[in-house]
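Structure file query.cif (mmCIF, C-alpha atoms) follows.
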data_target
#
loop_
_atom_site.label_atom_id
_atom_site.label_comp_id
_atom_site.auth_asym_id
_atom_site.auth_seq_id
_atom_site.Cartn_x
_atom_site.Cartn_y
_atom_site.Cartn_z
CA MET A 16 147.22 145.82 131.02
CA PRO A 17 144.67 143.02 130.40
CA VAL A 18 145.47 140.42 127.76
CA SER A 19 142.90 140.08 124.97
CA SER A 20 141.50 136.68 124.05
CA THR A 21 143.25 136.87 120.68
CA GLN A 22 146.62 137.01 122.47
CA LEU A 23 145.99 133.94 124.62
CA SER A 24 147.44 130.59 123.61
CA LYS A 25 144.85 127.98 122.64
CA LYS A 26 146.52 125.24 124.61
CA PHE A 27 144.57 122.74 126.71
CA GLN A 28 145.19 119.95 129.17
CA ALA A 29 144.63 116.27 128.36
CA ARG A 30 143.67 114.42 131.55
CA LEU A 31 144.39 110.68 131.42
CA GLU A 32 142.44 108.42 133.78
CA ILE A 33 141.86 104.71 134.30
CA CYS A 34 138.26 103.87 133.39
CA SER A 35 138.34 100.04 133.43
CA PRO A 36 140.87 97.26 134.10
CA ASP A 37 142.10 97.43 130.49
CA THR A 38 141.21 100.93 129.25
CA PHE A 39 141.91 104.57 130.06
CA SER A 40 140.24 107.80 128.99
CA ILE A 41 141.54 111.14 127.74
CA THR A 42 139.45 114.18 128.69
CA PRO A 43 140.29 117.68 127.38
CA GLU A 44 140.27 120.38 130.07
CA THR A 45 140.94 124.08 130.39
CA LEU A 46 144.48 125.22 131.11
CA LYS A 47 145.07 128.26 133.30
CA GLY A 48 146.19 131.28 131.31
CA CYS A 49 145.10 129.78 127.99
CA LEU A 50 142.03 130.18 125.80
CA TYR A 51 140.09 126.89 125.80
CA PRO A 52 139.28 125.92 122.19
CA GLY A 53 136.14 123.97 123.18
CA ASP A 54 135.51 120.27 123.71
CA GLU A 55 134.86 119.35 120.08
CA GLU A 56 137.93 121.20 118.80
CA CYS A 57 140.09 119.61 121.50
CA LEU A 58 138.80 116.13 120.68
CA ARG A 59 139.49 116.79 117.00
CA ARG A 60 143.07 117.82 117.82
CA LEU A 61 143.53 114.75 120.01
CA GLY A 62 142.25 112.59 117.16
CA ASP A 63 144.81 114.14 114.79
CA VAL A 64 147.69 113.76 117.25
CA LEU A 65 146.72 110.17 118.07
CA SER A 66 145.83 109.11 114.54
CA ASP A 67 148.38 106.29 114.69
CA VAL A 68 146.78 104.79 117.82
CA MET A 69 143.48 102.91 117.56
CA HIS A 70 140.99 104.33 120.07
CA SER A 71 138.20 102.21 121.51
CA HIS A 72 135.17 104.50 121.88
CA TYR A 73 133.91 107.71 123.44
CA THR A 74 132.53 108.06 126.95
CA GLN A 75 131.61 110.73 129.48
CA ASP A 76 133.48 111.51 132.67
CA SER A 77 131.81 112.08 136.04
CA GLY A 78 131.27 115.73 135.11
CA GLY A 79 129.50 114.87 131.86
CA ARG A 80 132.40 115.85 129.60
CA LYS A 81 133.14 113.78 126.51
CA ALA A 82 136.30 111.69 126.59
CA CYS A 83 137.99 109.28 124.19
CA VAL A 84 138.91 105.81 125.43
CA TYR A 85 142.02 103.82 124.57
CA LYS A 86 143.34 100.39 125.48
CA LEU A 87 145.71 100.37 128.44
CA ARG A 88 148.23 98.41 126.40
CA ASP A 89 148.56 101.50 124.15
CA TYR A 90 149.29 103.88 127.05
CA GLY A 91 152.96 104.26 126.15
CA SER A 92 152.17 104.97 122.48
CA VAL A 93 149.53 107.54 123.46
CA LEU A 94 151.97 109.36 125.75
CA SER A 95 154.63 109.37 123.07
CA CYS A 96 152.24 110.96 120.55
CA LEU A 97 150.89 113.54 123.01
CA ARG A 98 154.38 114.66 124.01
CA LYS A 99 155.07 115.65 120.41
CA SER A 100 152.34 118.30 120.53
CA LYS A 101 153.23 121.76 121.87
CA ASP A 102 149.56 122.68 122.29
CA ILE A 103 148.65 119.89 124.72
CA GLU A 104 149.72 119.66 128.35
CA ILE A 105 149.48 116.11 129.71
CA ARG A 106 148.10 115.13 133.10
CA GLU A 107 149.30 111.55 133.33
CA ILE A 108 147.93 108.64 135.30
CA PRO A 109 149.95 108.40 138.56
CA HIS A 110 152.74 105.86 138.09
CA LEU A 111 151.78 103.78 141.14
CA THR A 112 148.13 103.64 140.05
CA LEU A 113 149.15 102.51 136.58
CA LYS A 114 151.43 99.77 137.91
CA VAL A 115 148.75 98.42 140.28
CA VAL A 116 146.16 98.26 137.50
CA GLU A 117 148.60 96.60 135.10
CA THR A 118 149.57 94.06 137.75
CA PHE A 119 146.06 93.13 138.84
CA SER A 120 144.00 93.77 135.68
CA HIS A 121 143.82 90.03 134.95
CA CYS A 122 141.85 89.61 138.19
CA PHE A 123 138.84 91.24 136.54
CA VAL A 124 138.86 89.32 133.25
CA ALA A 125 136.57 86.30 133.06
CA GLY A 126 138.47 83.04 132.82
CA GLN A 127 141.83 84.61 133.71
CA TRP A 128 141.69 84.65 137.51
CA ARG A 129 144.99 83.86 139.22
CA PRO A 130 145.43 84.16 143.00
CA CYS A 131 148.13 86.74 143.68
CA ARG A 132 147.79 87.41 147.41
CA PRO A 133 147.91 85.01 150.39
CA GLU A 134 144.17 85.41 151.10
CA HIS A 135 143.12 84.79 147.48
CA LEU A 136 141.47 81.50 146.54
CA SER A 137 141.59 79.50 143.33
CA ASP A 138 138.44 78.84 141.30
CA GLU A 139 138.54 75.23 142.47
CA ASP A 140 138.56 76.29 146.14
CA VAL A 141 135.74 78.75 145.47
CA ASP A 142 133.58 76.08 143.84
CA GLU A 143 134.17 73.78 146.80
CA LEU A 144 133.12 76.47 149.28
CA ILE A 145 129.95 77.24 147.34
CA THR A 146 128.84 73.60 147.43
CA LYS A 147 128.75 73.83 151.24
CA LEU A 148 126.06 76.54 151.20
CA PRO A 149 122.44 75.53 151.93
CA GLU A 150 120.62 74.29 148.84
CA THR A 151 117.76 76.75 149.41
CA LEU A 152 120.18 79.65 149.23
CA LEU A 153 121.96 78.33 146.14
CA ASN A 154 118.71 77.76 144.27
CA SER A 155 117.60 81.32 145.00
CA LEU A 156 120.66 82.98 143.49
CA LEU A 157 120.43 84.77 140.17
CA PRO A 158 123.41 84.31 137.81
CA PHE A 159 124.83 87.78 138.50
CA GLN A 160 124.51 87.20 142.25
CA LEU A 161 126.40 83.92 142.02
CA GLU A 162 129.12 85.65 140.02
CA GLY A 163 129.30 88.37 142.67
CA ILE A 164 129.72 85.74 145.38
CA LYS A 165 132.51 84.06 143.41
CA PHE A 166 134.18 87.45 142.97
CA GLY A 167 134.21 87.95 146.73
CA LEU A 168 135.32 84.41 147.56
CA ARG A 169 138.23 84.56 145.13
CA ARG A 170 139.49 87.51 147.15
CA GLY A 171 139.04 85.77 150.48
CA GLY A 172 135.84 87.68 151.25
CA ARG A 173 137.56 91.06 150.93
CA CYS A 174 135.30 92.95 148.56
CA LEU A 175 132.77 95.77 148.26
CA ILE A 176 129.33 94.82 146.92
CA ALA A 177 128.04 97.99 145.29
CA ASP A 178 124.93 96.85 143.40
CA GLU A 179 121.87 99.07 143.22
CA MET A 180 119.21 98.81 145.93
CA GLY A 181 117.06 95.71 145.65
CA LEU A 182 119.55 93.55 143.73
CA GLY A 183 120.45 91.24 146.60
CA LYS A 184 123.52 92.68 148.29
CA THR A 185 122.42 91.25 151.65
CA LEU A 186 121.97 87.77 150.20
CA GLN A 187 125.38 87.88 148.52
CA ALA A 188 127.05 89.10 151.72
CA ILE A 189 125.40 86.34 153.77
CA ALA A 190 126.47 83.72 151.23
CA ILE A 191 130.09 84.91 151.28
CA ALA A 192 130.14 85.06 155.09
CA GLY A 193 128.49 81.63 155.29
CA CYS A 194 131.36 80.12 153.32
CA PHE A 195 133.77 81.17 156.09
CA ILE A 196 131.53 80.20 159.02
CA ASN A 197 134.05 77.59 160.21
CA GLU A 198 136.70 80.28 160.67
CA GLY A 199 134.85 82.01 163.50
CA SER A 200 131.98 84.33 164.32
CA ILE A 201 130.49 86.73 161.77
CA LEU A 202 130.36 90.39 162.78
CA VAL A 203 127.63 92.38 161.03
CA VAL A 204 127.83 96.16 161.52
CA CYS A 205 124.66 97.96 160.42
CA PRO A 206 122.29 100.78 161.46
CA ALA A 207 120.38 99.87 164.64
CA VAL A 208 117.04 99.82 162.81
CA LEU A 209 118.33 97.03 160.54
CA ARG A 210 119.57 94.69 163.28
CA TYR A 211 116.42 92.56 163.31
CA SER A 212 116.25 92.49 159.52
CA TRP A 213 119.77 91.10 159.38
CA ALA A 214 118.96 88.56 162.09
CA GLU A 215 115.92 87.37 160.14
CA GLU A 216 117.88 87.13 156.89
CA LEU A 217 120.65 85.13 158.56
CA GLU A 218 118.11 82.67 159.98
CA ARG A 219 116.34 82.46 156.64
CA TRP A 220 119.33 81.75 154.42
CA LEU A 221 121.77 79.94 156.71
CA SER A 222 119.86 76.90 157.91
CA PHE A 223 122.67 75.98 160.30
CA CYS A 224 122.32 79.37 162.01
CA LEU A 225 119.94 79.07 165.00
CA PRO A 226 118.25 82.02 166.75
CA SER A 227 120.43 81.31 169.78
CA ASP A 228 123.51 81.79 167.57
CA ILE A 229 122.58 85.40 166.77
CA HIS A 230 123.40 88.09 169.31
CA LEU A 231 122.14 91.65 168.84
CA GLY A 232 124.04 94.52 170.38
CA ASN A 233 124.61 98.25 170.32
CA ILE A 234 127.85 100.08 169.62
#
Structure translated into structure tokens:
Amino acid sequence: MPVSSTQLSKKFQARLEICSPDTFSITPETLKGCLYPGDEECLRRLGDVLSDVMHSHYTQDSGGRKACVYKLRDYGSVLSCLRKSKDIEIREIPHLTLKVVETFSHCFVAGQWRPCRPEHLSDEDVDELITKLPETLLNSLLPFQLEGIKFGLRRGGRCLIADEMGLGKTLQAIAIAGCFINEGSILVVCPAVLRYSWAEELERWLSFCLPSDIHLGNI
């Protein structure tokens, strides 16, 4: 015999996710076997349950759903409040993910960088490396590009540059690689049609890089 909507429980799931180095979001979601009250009603209930915890702002998740954002330092308090509600099922942040973010969150805060892995470099070492780059390259960098280069150098060159097209990812990558030129050859892996473009950019920005130093190949 089918169950009518009036007989279904109006419970919902609260999905907790990291959304920045120091914040996490709570997104209401449907719960199997329950009647979803709707986004606005769920957010209202969350607000009531978490009235003792100061939330930061609202945002949207990747699916366009509204979510409330809280400081990561309040994660324990948020969990404690949510667990008191019988109408909310919690989907917590995985413990390992939470510990990693808590451990390394300072790495993303301006002025608080501390090397915490063998390949990491101090700000002093980064500044020294940057001074060795060609003056033409340095003078061409926009402030956000220079900051991106420092970000990569602090992590020993281990980074992903994910700027939009046309914002100078190639230039930043060449600058970072150029700082480690004394450690050995640079391997650039790219689509075949971009091989010559990369060769030209390397010659253009790294004045110590001669045409005879660049070898094009196929994989």
At a cut-off of 8 Å, can you tabulate as a Markdown table every residue of segment 89-152 of chain A near segment 165-181 of chain A together with its closest atom pair and the distance in Å to one decimal, using all atoms listed in the file and ordering rows by chain then number?
| residue | atom | partner | partner_atom | distance |
| --- | --- | --- | --- | --- |
| A:Pro130 | CA | A:Arg169 | CA | 7.5 |
| A:Glu134 | CA | A:Gly171 | CA | 5.2 |
| A:His135 | CA | A:Arg170 | CA | 4.5 |
| A:Leu136 | CA | A:Arg169 | CA | 4.7 |
| A:Ser137 | CA | A:Arg169 | CA | 6.3 |
| A:Asp138 | CA | A:Arg169 | CA | 6.9 |
| A:Val141 | CA | A:Leu168 | CA | 6.0 |
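Every protein, DNA or RNA residue with an atom at most 9 Å from segment 61-63 of chain A, where all atoms listed in the file count and chain neighbours fewer than 5 positions away do not, is listed here: Ala29, Ile41, Pro43, Glu56, His70, Cys83, Leu97 and Ile103 of chain A.
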Residues from the last selection, C-alpha atoms, saved as an mmCIF file, in the coordinates of the input:
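Once written, result33.cif looks like this:
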data_model
loop_
_atom_site.group_PDB
_atom_site.id
_atom_site.type_symbol
_atom_site.label_atom_id
_atom_site.label_comp_id
_atom_site.auth_asym_id
_atom_site.auth_seq_id
_atom_site.Cartn_x
_atom_site.Cartn_y
_atom_site.Cartn_z
ATOM 1 C CA ALA A 29 144.630 116.270 128.360
ATOM 2 C CA ILE A 41 141.540 111.140 127.740
ATOM 3 C CA PRO A 43 140.290 117.680 127.380
ATOM 4 C CA GLU A 56 137.930 121.200 118.800
ATOM 5 C CA HIS A 70 140.990 104.330 120.070
ATOM 6 C CA CYS A 83 137.990 109.280 124.190
ATOM 7 C CA LEU A 97 150.890 113.540 123.010
ATOM 8 C CA ILE A 103 148.650 119.890 124.720
#
Residues matched by the PyMOL selection byres ((chain A and resi 232) around 9), written as a VMD selection string = chain A and resid 207 210 230 to 231 233 to 234
Preceding selection exported with C-alpha atoms as a PDB file, in the frame of the given file:
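Printed below is result-v2.pdb as written:
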ATOM      1  CA  ALA A 207     120.380  99.870 164.640  1.00  0.00           C
ATOM      2  CA  ARG A 210     119.570  94.690 163.280  1.00  0.00           C
ATOM      3  CA  HIS A 230     123.400  88.090 169.310  1.00  0.00           C
ATOM      4  CA  LEU A 231     122.140  91.650 168.840  1.00  0.00           C
ATOM      5  CA  ASN A 233     124.610  98.250 170.320  1.00  0.00           C
ATOM      6  CA  ILE A 234     127.850 100.080 169.620  1.00  0.00           C
TER       7      ILE A 234
END
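In this structure, atom CA of Val115 of chain A sits 19.3 Å away from atom CA of Val84 of chain A.
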What lies within 12 Å of Met69 of chain A using all atoms listed in the file, ignoring chain neighbours under 2 positions off, as a VMD selection string?
-> chain A and resid 62 to 67 71 to 72 83 to 90 92 to 93
Between atom CA of Pro149 of chain A and atom CA of Phe223 of chain A, what is the spacing in Å?
->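 Atom-to-atom, atom CA of Phe223 of chain A to atom CA of Pro149 of chain A, that is 8.4 Å.
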Quick one: which residues end up in the PyMOL selection byres ((chain A and resi 80) around 10) for this structure, as a list of chain:residue names?
-> A:Thr42, A:Pro43, A:Glu44, A:Asp54, A:Thr74, A:Gln75, A:Asp76, A:Ser77, A:Gly78, A:Gly79, A:Lys81, A:Ala82
Keeping only C-alpha atoms, write the selected residues as an mmCIF file, in the frame of the given file.
data_model
loop_
_atom_site.group_PDB
_atom_site.id
_atom_site.type_symbol
_atom_site.label_atom_id
_atom_site.label_comp_id
_atom_site.auth_asym_id
_atom_site.auth_seq_id
_atom_site.Cartn_x
_atom_site.Cartn_y
_atom_site.Cartn_z
ATOM 1 C CA THR A 42 139.450 114.180 128.690
ATOM 2 C CA PRO A 43 140.290 117.680 127.380
ATOM 3 C CA GLU A 44 140.270 120.380 130.070
ATOM 4 C CA ASP A 54 135.510 120.270 123.710
ATOM 5 C CA THR A 74 132.530 108.060 126.950
ATOM 6 C CA GLN A 75 131.610 110.730 129.480
ATOM 7 C CA ASP A 76 133.480 111.510 132.670
ATOM 8 C CA SER A 77 131.810 112.080 136.040
ATOM 9 C CA GLY A 78 131.270 115.730 135.110
ATOM 10 C CA GLY A 79 129.500 114.870 131.860
ATOM 11 C CA LYS A 81 133.140 113.780 126.510
ATOM 12 C CA ALA A 82 136.300 111.690 126.590
#
Please measure the separation of atom CA of Gly53 of chain A and atom CA of Glu32 of chain A, giving the value in Å to one decimal.
-> 19.8 Å
Which of these residues is nearest to Phe195 of chain A, using all atoms listed in the file: A:Ser100, A:Thr45, A:Leu148, A:Val68?
->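 Among the listed residues, A:Leu148 lies closest to Phe195 of chain A.
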Considering all atoms listed in the file, return as number ranges by chain whatever protein or nucleic-acid residues lie within 9 Å of Leu31 of chain A, sequence-local ones (same chain, fewer than 4 positions apart) excluded.
-> A: 39-42, 105-108
Hey, can you spit out that residue selection with C-alpha atoms as a JSON list (two decimals), keeping the file's coordinate frame?
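Written out: result.json:
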[["chain", "number", "residue", "atom", "x", "y", "z"],
["A", 39, "PHE", "CA", 141.91, 104.57, 130.06],
["A", 40, "SER", "CA", 140.24, 107.80, 128.99],
["A", 41, "ILE", "CA", 141.54, 111.14, 127.74],
["A", 42, "THR", "CA", 139.45, 114.18, 128.69],
["A", 105, "ILE", "CA", 149.48, 116.11, 129.71],
["A", 106, "ARG", "CA", 148.10, 115.13, 133.10],
["A", 107, "GLU", "CA", 149.30, 111.55, 133.33],
["A", 108, "ILE", "CA", 147.93, 108.64, 135.30]]
Pick the closest to Ile229 of chain A from A:Leu157, A:Cys57, A:Val208, A:Ile201: which is it, counting only C-alpha atoms?
-> A:Ile201
Selected residue of minimal separation from Glu162 of chain A among A:Ile196, A:Ser120, A:Asp142, A:Glu150, counting all atoms listed in the file = A:Asp142
How would you write, as a PyMOL selection string, the residues chosen by the PyMOL selection byres ((chain A and resi 46-49) around 9) on this structure?
-> chain A and resi 20+23-28+44-45+50-51+104
Expected axis-aligned box over every listed atom of segment 197-206 of chain A, 6 Å added per side, centre plus edges in Å to one decimal, as lines of an AutoDock Vina configuration file:
center_x = 129.5
center_y = 89.2
center_z = 162.3
size_x = 26.4
size_y = 35.2
size_z = 16.1
Which is closer to Gly91 of chain A than all the others in A:Asn154, A:Cys131, A:Leu113, A:Ile164, using only C-alpha atoms?
->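 Of A:Asn154, A:Cys131, A:Leu113, A:Ile164, the one nearest Gly91 of chain A is A:Leu113, counting only C-alpha atoms.
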